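So this one's coords.cif, mmCIF, C-alpha atoms:
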data_data
#
loop_
_atom_site.group_PDB
_atom_site.id
_atom_site.type_symbol
_atom_site.label_atom_id
_atom_site.label_comp_id
_atom_site.auth_asym_id
_atom_site.auth_seq_id
_atom_site.Cartn_x
_atom_site.Cartn_y
_atom_site.Cartn_z
ATOM 1 C CA MET F 1 111.800 20.234 0.083
ATOM 2 C CA ARG F 2 109.352 23.015 -0.833
ATOM 3 C CA LEU F 3 110.892 26.402 -1.636
ATOM 4 C CA ARG F 4 109.442 29.361 0.314
ATOM 5 C CA ARG F 5 108.134 32.171 -1.823
ATOM 6 C CA GLY F 6 106.959 35.646 -0.694
ATOM 7 C CA PHE F 7 106.393 36.910 2.825
ATOM 8 C CA THR F 8 104.048 35.787 5.517
ATOM 9 C CA LEU F 9 101.266 38.061 6.705
ATOM 10 C CA LEU F 10 103.066 38.555 10.022
ATOM 11 C CA GLU F 11 106.230 39.727 8.267
ATOM 12 C CA VAL F 12 104.255 42.195 6.162
ATOM 13 C CA ILE F 13 102.551 43.621 9.272
ATOM 14 C CA VAL F 14 105.883 43.978 11.071
ATOM 15 C CA ALA F 15 107.435 45.700 8.067
ATOM 16 C CA MET F 16 104.504 48.133 7.778
ATOM 17 C CA THR F 17 104.653 48.887 11.497
ATOM 18 C CA VAL F 18 108.395 49.627 11.383
ATOM 19 C CA THR F 19 107.943 51.814 8.307
ATOM 20 C CA GLY F 20 105.104 53.723 9.995
ATOM 21 C CA LEU F 21 107.183 54.325 13.100
ATOM 22 C CA ALA F 22 110.095 55.553 10.990
ATOM 23 C CA LEU F 23 107.862 57.959 9.060
ATOM 24 C CA THR F 24 106.265 59.235 12.283
ATOM 25 C CA THR F 25 109.666 59.824 13.861
ATOM 26 C CA ALA F 26 110.918 61.639 10.758
ATOM 27 C CA GLY F 27 107.779 63.782 10.667
ATOM 28 C CA MET F 28 108.146 64.738 14.318
ATOM 29 C CA ALA F 29 111.806 65.622 13.798
ATOM 30 C CA LEU F 30 110.955 67.779 10.772
ATOM 31 C CA SER F 31 108.156 69.532 12.658
ATOM 32 C CA ALA F 32 110.459 70.193 15.625
ATOM 33 C CA ALA F 33 113.111 71.605 13.294
ATOM 34 C CA ARG F 34 110.578 73.940 11.664
ATOM 35 C CA ASN F 35 109.273 75.106 15.051
ATOM 36 C CA THR F 36 112.831 75.760 16.239
ATOM 37 C CA ALA F 37 113.617 77.752 13.104
ATOM 38 C CA ALA F 38 110.428 79.795 13.546
ATOM 39 C CA ARG F 39 111.271 80.532 17.195
ATOM 40 C CA ILE F 40 114.791 81.586 16.208
ATOM 41 C CA GLN F 41 113.404 83.978 13.582
ATOM 42 C CA VAL F 42 110.959 85.479 16.072
ATOM 43 C CA HIS F 43 113.728 85.880 18.647
ATOM 44 C CA GLN F 44 116.057 87.522 16.116
ATOM 45 C CA ALA F 45 113.356 89.932 14.958
ATOM 46 C CA ARG F 46 112.483 90.797 18.552
ATOM 47 C CA THR F 47 116.164 91.347 19.414
ATOM 48 C CA GLU F 48 116.685 93.630 16.407
ATOM 49 C CA THR F 49 113.594 95.668 17.253
ATOM 50 C CA ASP F 50 114.674 95.913 20.889
ATOM 51 C CA SER F 51 118.093 97.211 19.783
ATOM 52 C CA ARG F 52 116.499 99.856 17.545
ATOM 53 C CA VAL F 53 114.193 101.020 20.341
ATOM 54 C CA ARG F 54 117.129 101.275 22.748
ATOM 55 C CA ALA F 55 119.177 103.282 20.234
ATOM 56 C CA LEU F 56 116.207 105.569 19.564
ATOM 57 C CA LEU F 57 115.621 106.247 23.260
ATOM 58 C CA THR F 58 119.331 106.784 23.895
ATOM 59 C CA ASP F 59 119.576 109.420 21.153
ATOM 60 C CA MET F 60 116.464 111.159 22.421
ATOM 61 C CA LEU F 61 117.565 111.197 26.045
ATOM 62 C CA ARG F 62 121.091 112.417 25.380
ATOM 63 C CA HIS F 63 120.002 115.525 23.479
ATOM 64 C CA ALA F 64 118.092 118.005 25.580
ATOM 65 C CA PRO F 65 117.313 121.660 24.874
ATOM 66 C CA LEU F 66 118.714 124.309 27.137
ATOM 67 C CA ALA F 67 116.506 125.112 30.085
ATOM 68 C CA GLU F 68 116.538 128.775 29.061
ATOM 69 C CA GLN F 69 115.000 127.911 25.691
ATOM 70 C CA VAL F 70 111.867 126.148 26.950
ATOM 71 C CA ASP F 71 109.109 126.859 29.438
ATOM 72 C CA GLN F 72 108.287 123.227 30.240
ATOM 73 C CA PRO F 73 110.018 120.746 32.562
ATOM 74 C CA LEU F 74 112.970 119.019 30.940
ATOM 75 C CA LEU F 75 112.052 115.638 32.431
ATOM 76 C CA MET F 76 109.081 114.300 34.396
ATOM 77 C CA ILE F 77 108.008 110.902 35.730
ATOM 78 C CA ASP F 78 104.247 110.581 36.079
ATOM 79 C CA ARG F 79 103.193 107.792 38.466
ATOM 80 C CA SER F 80 99.528 108.707 38.785
ATOM 81 C CA ALA F 81 98.481 105.581 36.840
ATOM 82 C CA ASP F 82 99.342 101.898 37.237
ATOM 83 C CA VAL F 83 102.149 102.196 34.680
ATOM 84 C CA PRO F 84 104.628 105.092 34.944
ATOM 85 C CA VAL F 85 104.907 107.592 32.114
ATOM 86 C CA LEU F 86 108.226 109.232 31.287
ATOM 87 C CA ARG F 87 108.024 112.635 29.615
ATOM 88 C CA PHE F 88 111.048 114.644 28.545
ATOM 89 C CA LEU F 89 112.094 117.324 26.074
ATOM 90 C CA SER F 90 114.556 116.360 23.373
ATOM 91 C CA THR F 91 116.333 117.696 20.316
ATOM 92 C CA GLY F 92 117.495 114.189 19.364
ATOM 93 C CA VAL F 93 114.370 112.933 17.639
ATOM 94 C CA ARG F 94 115.533 113.634 14.102
ATOM 95 C CA GLU F 95 118.984 113.698 12.542
ATOM 96 C CA PRO F 96 121.229 115.548 12.823
ATOM 97 C CA HIS F 97 120.662 115.108 16.546
ATOM 98 C CA GLY F 98 120.861 118.194 18.699
ATOM 99 C CA THR F 99 119.567 120.499 15.979
ATOM 100 C CA GLY F 100 116.138 121.907 15.383
ATOM 101 C CA GLY F 101 113.479 122.715 17.899
ATOM 102 C CA PRO F 102 112.547 120.692 20.992
ATOM 103 C CA TRP F 103 110.160 117.754 20.971
ATOM 104 C CA MET F 104 108.027 116.378 23.776
ATOM 105 C CA VAL F 105 108.712 112.642 24.107
ATOM 106 C CA GLU F 106 106.460 110.285 26.070
ATOM 107 C CA VAL F 107 107.404 106.702 26.942
ATOM 108 C CA THR F 108 105.057 104.191 28.566
ATOM 109 C CA VAL F 109 103.421 100.781 28.098
ATOM 110 C CA GLN F 110 99.954 100.493 26.576
ATOM 111 C CA ASP F 111 98.168 97.312 25.520
ATOM 112 C CA ALA F 112 101.260 95.180 26.215
ATOM 113 C CA ALA F 113 103.447 97.360 23.969
ATOM 114 C CA LEU F 114 106.194 99.858 24.733
ATOM 115 C CA VAL F 115 105.042 103.110 23.121
ATOM 116 C CA VAL F 116 107.328 106.039 22.308
ATOM 117 C CA ARG F 117 105.534 109.190 21.146
ATOM 118 C CA ALA F 118 107.329 112.339 20.024
ATOM 119 C CA THR F 119 105.445 115.577 19.360
ATOM 120 C CA PRO F 120 107.201 118.666 17.953
ATOM 121 C CA LEU F 121 106.826 121.855 19.920
ATOM 122 C CA SER F 122 106.507 125.296 18.380
ATOM 123 C CA GLY F 123 110.221 125.454 17.561
ATOM 124 C CA ASP F 124 110.029 122.676 14.938
ATOM 125 C CA LEU F 125 107.239 123.806 12.647
ATOM 126 C CA GLY F 126 106.268 121.519 9.795
ATOM 127 C CA ALA F 127 107.376 118.335 11.564
ATOM 128 C CA SER F 128 104.831 115.565 12.079
ATOM 129 C CA PRO F 129 104.397 113.638 15.336
ATOM 130 C CA LEU F 130 106.218 110.328 15.502
ATOM 131 C CA MET F 131 105.310 107.071 17.254
ATOM 132 C CA ALA F 132 107.256 103.852 17.690
ATOM 133 C CA THR F 133 105.990 100.679 19.360
ATOM 134 C CA PHE F 134 107.695 97.539 20.589
ATOM 135 C CA ALA F 135 105.552 94.544 21.494
ATOM 136 C CA PRO F 136 104.960 92.460 23.425
ATOM 137 C CA VAL F 137 106.370 93.883 26.651
ATOM 138 C CA SER F 138 105.241 94.346 30.236
ATOM 139 C CA GLY F 139 106.504 95.633 33.555
ATOM 140 C CA PHE F 140 107.779 99.053 32.444
ATOM 141 C CA ASP F 141 109.550 101.147 35.096
ATOM 142 C CA VAL F 142 111.755 104.236 35.363
ATOM 143 C CA LYS F 143 114.275 105.439 37.917
ATOM 144 C CA VAL F 144 116.851 108.219 37.933
ATOM 145 C CA LEU F 145 120.158 108.885 39.657
ATOM 146 C CA GLU F 146 120.651 112.220 41.390
ATOM 147 C CA HIS F 147 123.734 114.350 40.965
ATOM 148 C CA ALA F 148 126.403 113.986 43.621
ATOM 149 C CA THR F 149 126.954 116.911 45.968
ATOM 150 C CA ALA F 150 129.701 117.870 48.339
ATOM 151 C CA LEU F 151 127.590 116.614 51.236
ATOM 152 C CA ALA F 152 125.844 113.556 49.813
ATOM 153 C CA SER F 153 126.418 110.703 47.421
ATOM 154 C CA PRO F 154 123.989 110.249 44.516
ATOM 155 C CA VAL F 155 120.981 108.030 45.149
ATOM 156 C CA TRP F 156 118.450 106.395 42.858
ATOM 157 C CA ARG F 157 114.905 107.707 43.039
ATOM 158 C CA ALA F 158 111.562 107.007 41.369
ATOM 159 C CA ASP F 159 110.663 110.641 40.660
ATOM 160 C CA TRP F 160 112.388 113.800 39.468
ATOM 161 C CA PRO F 161 111.143 117.030 41.036
ATOM 162 C CA ILE F 162 113.546 119.530 39.418
ATOM 163 C CA ALA F 163 111.803 120.992 36.391
ATOM 164 C CA GLN F 164 114.719 122.852 34.795
ATOM 165 C CA ASP F 165 117.406 120.245 35.299
ATOM 166 C CA ARG F 166 117.925 116.573 34.507
ATOM 167 C CA PRO F 167 119.277 113.688 36.591
ATOM 168 C CA ARG F 168 122.754 112.310 36.067
ATOM 169 C CA VAL F 169 121.558 108.880 34.873
ATOM 170 C CA ILE F 170 118.187 107.505 33.832
ATOM 171 C CA GLU F 171 117.281 103.818 33.750
ATOM 172 C CA LEU F 172 114.358 102.339 31.819
ATOM 173 C CA SER F 173 113.389 98.703 32.269
ATOM 174 C CA TRP F 174 110.815 96.474 30.634
ATOM 175 C CA GLN F 175 110.281 92.750 30.203
ATOM 176 C CA GLN F 176 109.595 90.567 27.194
ATOM 177 C CA PRO F 177 107.721 87.240 27.186
ATOM 178 C CA THR F 178 109.655 84.137 26.301
ATOM 179 C CA ASP F 179 108.887 82.203 23.114
ATOM 180 C CA ARG F 180 107.116 79.587 25.219
ATOM 181 C CA GLY F 181 104.683 81.951 26.882
ATOM 182 C CA SER F 182 102.640 85.070 26.490
ATOM 183 C CA ILE F 183 102.340 88.223 28.554
ATOM 184 C CA GLY F 184 100.515 86.163 31.141
ATOM 185 C CA GLY F 185 103.051 83.368 30.989
ATOM 186 C CA ALA F 186 106.772 83.091 31.552
ATOM 187 C CA ILE F 187 108.616 86.402 31.434
ATOM 188 C CA ASP F 188 112.148 86.850 30.154
ATOM 189 C CA GLY F 189 113.659 89.825 31.972
ATOM 190 C CA SER F 190 115.434 92.188 29.586
ATOM 191 C CA LEU F 191 118.482 94.149 30.629
ATOM 192 C CA PRO F 192 117.546 97.698 31.648
ATOM 193 C CA LEU F 193 118.487 100.609 29.417
ATOM 194 C CA ARG F 194 120.766 102.900 31.422
ATOM 195 C CA VAL F 195 121.668 106.236 29.816
ATOM 196 C CA VAL F 196 124.149 108.715 31.244
ATOM 197 C CA LEU F 197 122.728 112.148 30.536
ATOM 198 C CA ALA F 198 125.213 114.739 29.368
ATOM 199 C CA PRO F 199 125.200 117.885 31.482
ATOM 200 C CA LEU F 200 123.286 120.760 29.972
ATOM 201 C CA GLU F 201 125.546 123.232 28.224
ATOM 202 C CA ARG F 202 125.285 126.836 29.276
ATOM 203 C CA PRO F 203 125.523 129.711 26.818
ATOM 204 C CA ARG F 204 129.027 131.058 26.565
ATOM 205 C CA SER F 205 129.524 134.717 27.374
#
Write the structure described by the file as structure tokens, please.
Amino acid sequence: MRLRRGFTLLEVIVAMTVTGLALTTAGMALSAARNTAARIQVHQARTETDSRVRALLTDMLRHAPLAEQVDQPLLMIDRSADVPVLRFLSTGVREPHGTGGPWMVEVTVQDAALVVRATPLSGDLGASPLMATFAPVSGFDVKVLEHATALASPVWRADWPIAQDRPRVIELSWQQPTDRGSIGGAIDGSLPLRVVLAPLERPRS
């Protein structure tokens, strides 16, 4: 009998094919793991930024100057353009909140980014304008809840016509794209930011 030595060409080809498939599968798994980790990091960063923007807007909205101290509307909703613009006066732009002069704050969406601009009025001399952006977002909207009266229950409305008063509640909503799409793709609806506005304090006699 003749002893068999080495491998046949067919066996070598099969072994190389199996090895190639194993390497391809491992490479695909590694690439998928890296992509998943990158998407998780992007999602975490976006969530943290969203939380900071919500906290910033909440502080600004909850601290309003007294109507007697300003000659501008306390809160306005401008719907003359395609995207609404929220404008309101605030003393909660800088810490400690509720101190210092009033600021004019403007919130809207521009170039697929939520933009918050704060400009100091004459009562806060020396302060520089501030701007914060959160991108990408789309679909910004604003609505407010009226105060209840003895004759009517509060209702939500898209405007606020009372210059020297503020609504009971204000709700801001915007959307963020999912990791799989862009602004023109799939949209992940974010929970609206609903802020209960404290009633304006009146000077004590």
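Once the PyMOL selection byres ((chain F and resi 143) around 10) is applied to the shown structure, the selection contains Ile77, Leu86, Asp141, Val142, Val144, Leu145, Glu146, Trp156, Arg157, Ala158, Asp159, Trp160, Pro167, Val169, Ile170, Glu171, Leu172, Ser173 and Arg194 of chain F.
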Query - F:Leu23, F:Val12, F:Ala112, F:Gly92 ranked by distance to Met60 in chain F, top pick (using only C-alpha atoms) - result: F:Gly92
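Within a radius of 12 Å around (101.4, 101.0, 25.3), the polymer residues are Val83, Pro84, Val85, Glu106, Val107, Thr108, Val109, Gln110, Asp111, Ala112, Ala113, Leu114, Val115, Val116, Arg117, Met131, Ala132, Thr133, Phe134, Ala135, Pro136, Val137, Ser138, Gly139, Phe140 and Trp174 of chain F, counting all atoms listed in the file.
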Would you export the selected residues with C-alpha atoms as a PDB file, in the coordinates of the input, please?
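Now in selection.pdb:
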ATOM      1  CA  VAL F  83     102.149 102.196  34.680  1.00  0.00           C
ATOM      2  CA  PRO F  84     104.628 105.092  34.944  1.00  0.00           C
ATOM      3  CA  VAL F  85     104.907 107.592  32.114  1.00  0.00           C
ATOM      4  CA  GLU F 106     106.460 110.285  26.070  1.00  0.00           C
ATOM      5  CA  VAL F 107     107.404 106.702  26.942  1.00  0.00           C
ATOM      6  CA  THR F 108     105.057 104.191  28.566  1.00  0.00           C
ATOM      7  CA  VAL F 109     103.421 100.781  28.098  1.00  0.00           C
ATOM      8  CA  GLN F 110      99.954 100.493  26.576  1.00  0.00           C
ATOM      9  CA  ASP F 111      98.168  97.312  25.520  1.00  0.00           C
ATOM     10  CA  ALA F 112     101.260  95.180  26.215  1.00  0.00           C
ATOM     11  CA  ALA F 113     103.447  97.360  23.969  1.00  0.00           C
ATOM     12  CA  LEU F 114     106.194  99.858  24.733  1.00  0.00           C
ATOM     13  CA  VAL F 115     105.042 103.110  23.121  1.00  0.00           C
ATOM     14  CA  VAL F 116     107.328 106.039  22.308  1.00  0.00           C
ATOM     15  CA  ARG F 117     105.534 109.190  21.146  1.00  0.00           C
ATOM     16  CA  MET F 131     105.310 107.071  17.254  1.00  0.00           C
ATOM     17  CA  ALA F 132     107.256 103.852  17.690  1.00  0.00           C
ATOM     18  CA  THR F 133     105.990 100.679  19.360  1.00  0.00           C
ATOM     19  CA  PHE F 134     107.695  97.539  20.589  1.00  0.00           C
ATOM     20  CA  ALA F 135     105.552  94.544  21.494  1.00  0.00           C
ATOM     21  CA  PRO F 136     104.960  92.460  23.425  1.00  0.00           C
ATOM     22  CA  VAL F 137     106.370  93.883  26.651  1.00  0.00           C
ATOM     23  CA  SER F 138     105.241  94.346  30.236  1.00  0.00           C
ATOM     24  CA  GLY F 139     106.504  95.633  33.555  1.00  0.00           C
ATOM     25  CA  PHE F 140     107.779  99.053  32.444  1.00  0.00           C
ATOM     26  CA  TRP F 174     110.815  96.474  30.634  1.00  0.00           C
TER      27      TRP F 174
END
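Interatomic distance, CA of His147 in chain F to CA of Arg166 in chain F: 9.0 Å.
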**Report entry** Distance of CA of Phe88 in chain F from CA of Ile162 in chain F, expressed in Å to one decimal place
**Finding:** 12.2 Å
Query raised in the report: At what distance in Å, to one decimal, does CA of Val70 in chain F lie from CA of Asp165 in chain F?
Result: 11.6 Å
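Applied to this file, the PyMOL selection byres ((chain F and resi 50-57) around 8) selects Arg46, Thr47, Glu48, Thr49, Thr58, Asp59, Met60, Leu61, Val93, Ala132, Phe134 and Leu193 of chain F.
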**Report entry** Result set, the PyMOL selection byres ((chain F and resi 103) around 12) on current file, as an MDAnalysis selection string
**Finding:** chainID F and resid 60:61 63:65 70 72:75 87:94 97:102 104:106 117:125 127:130
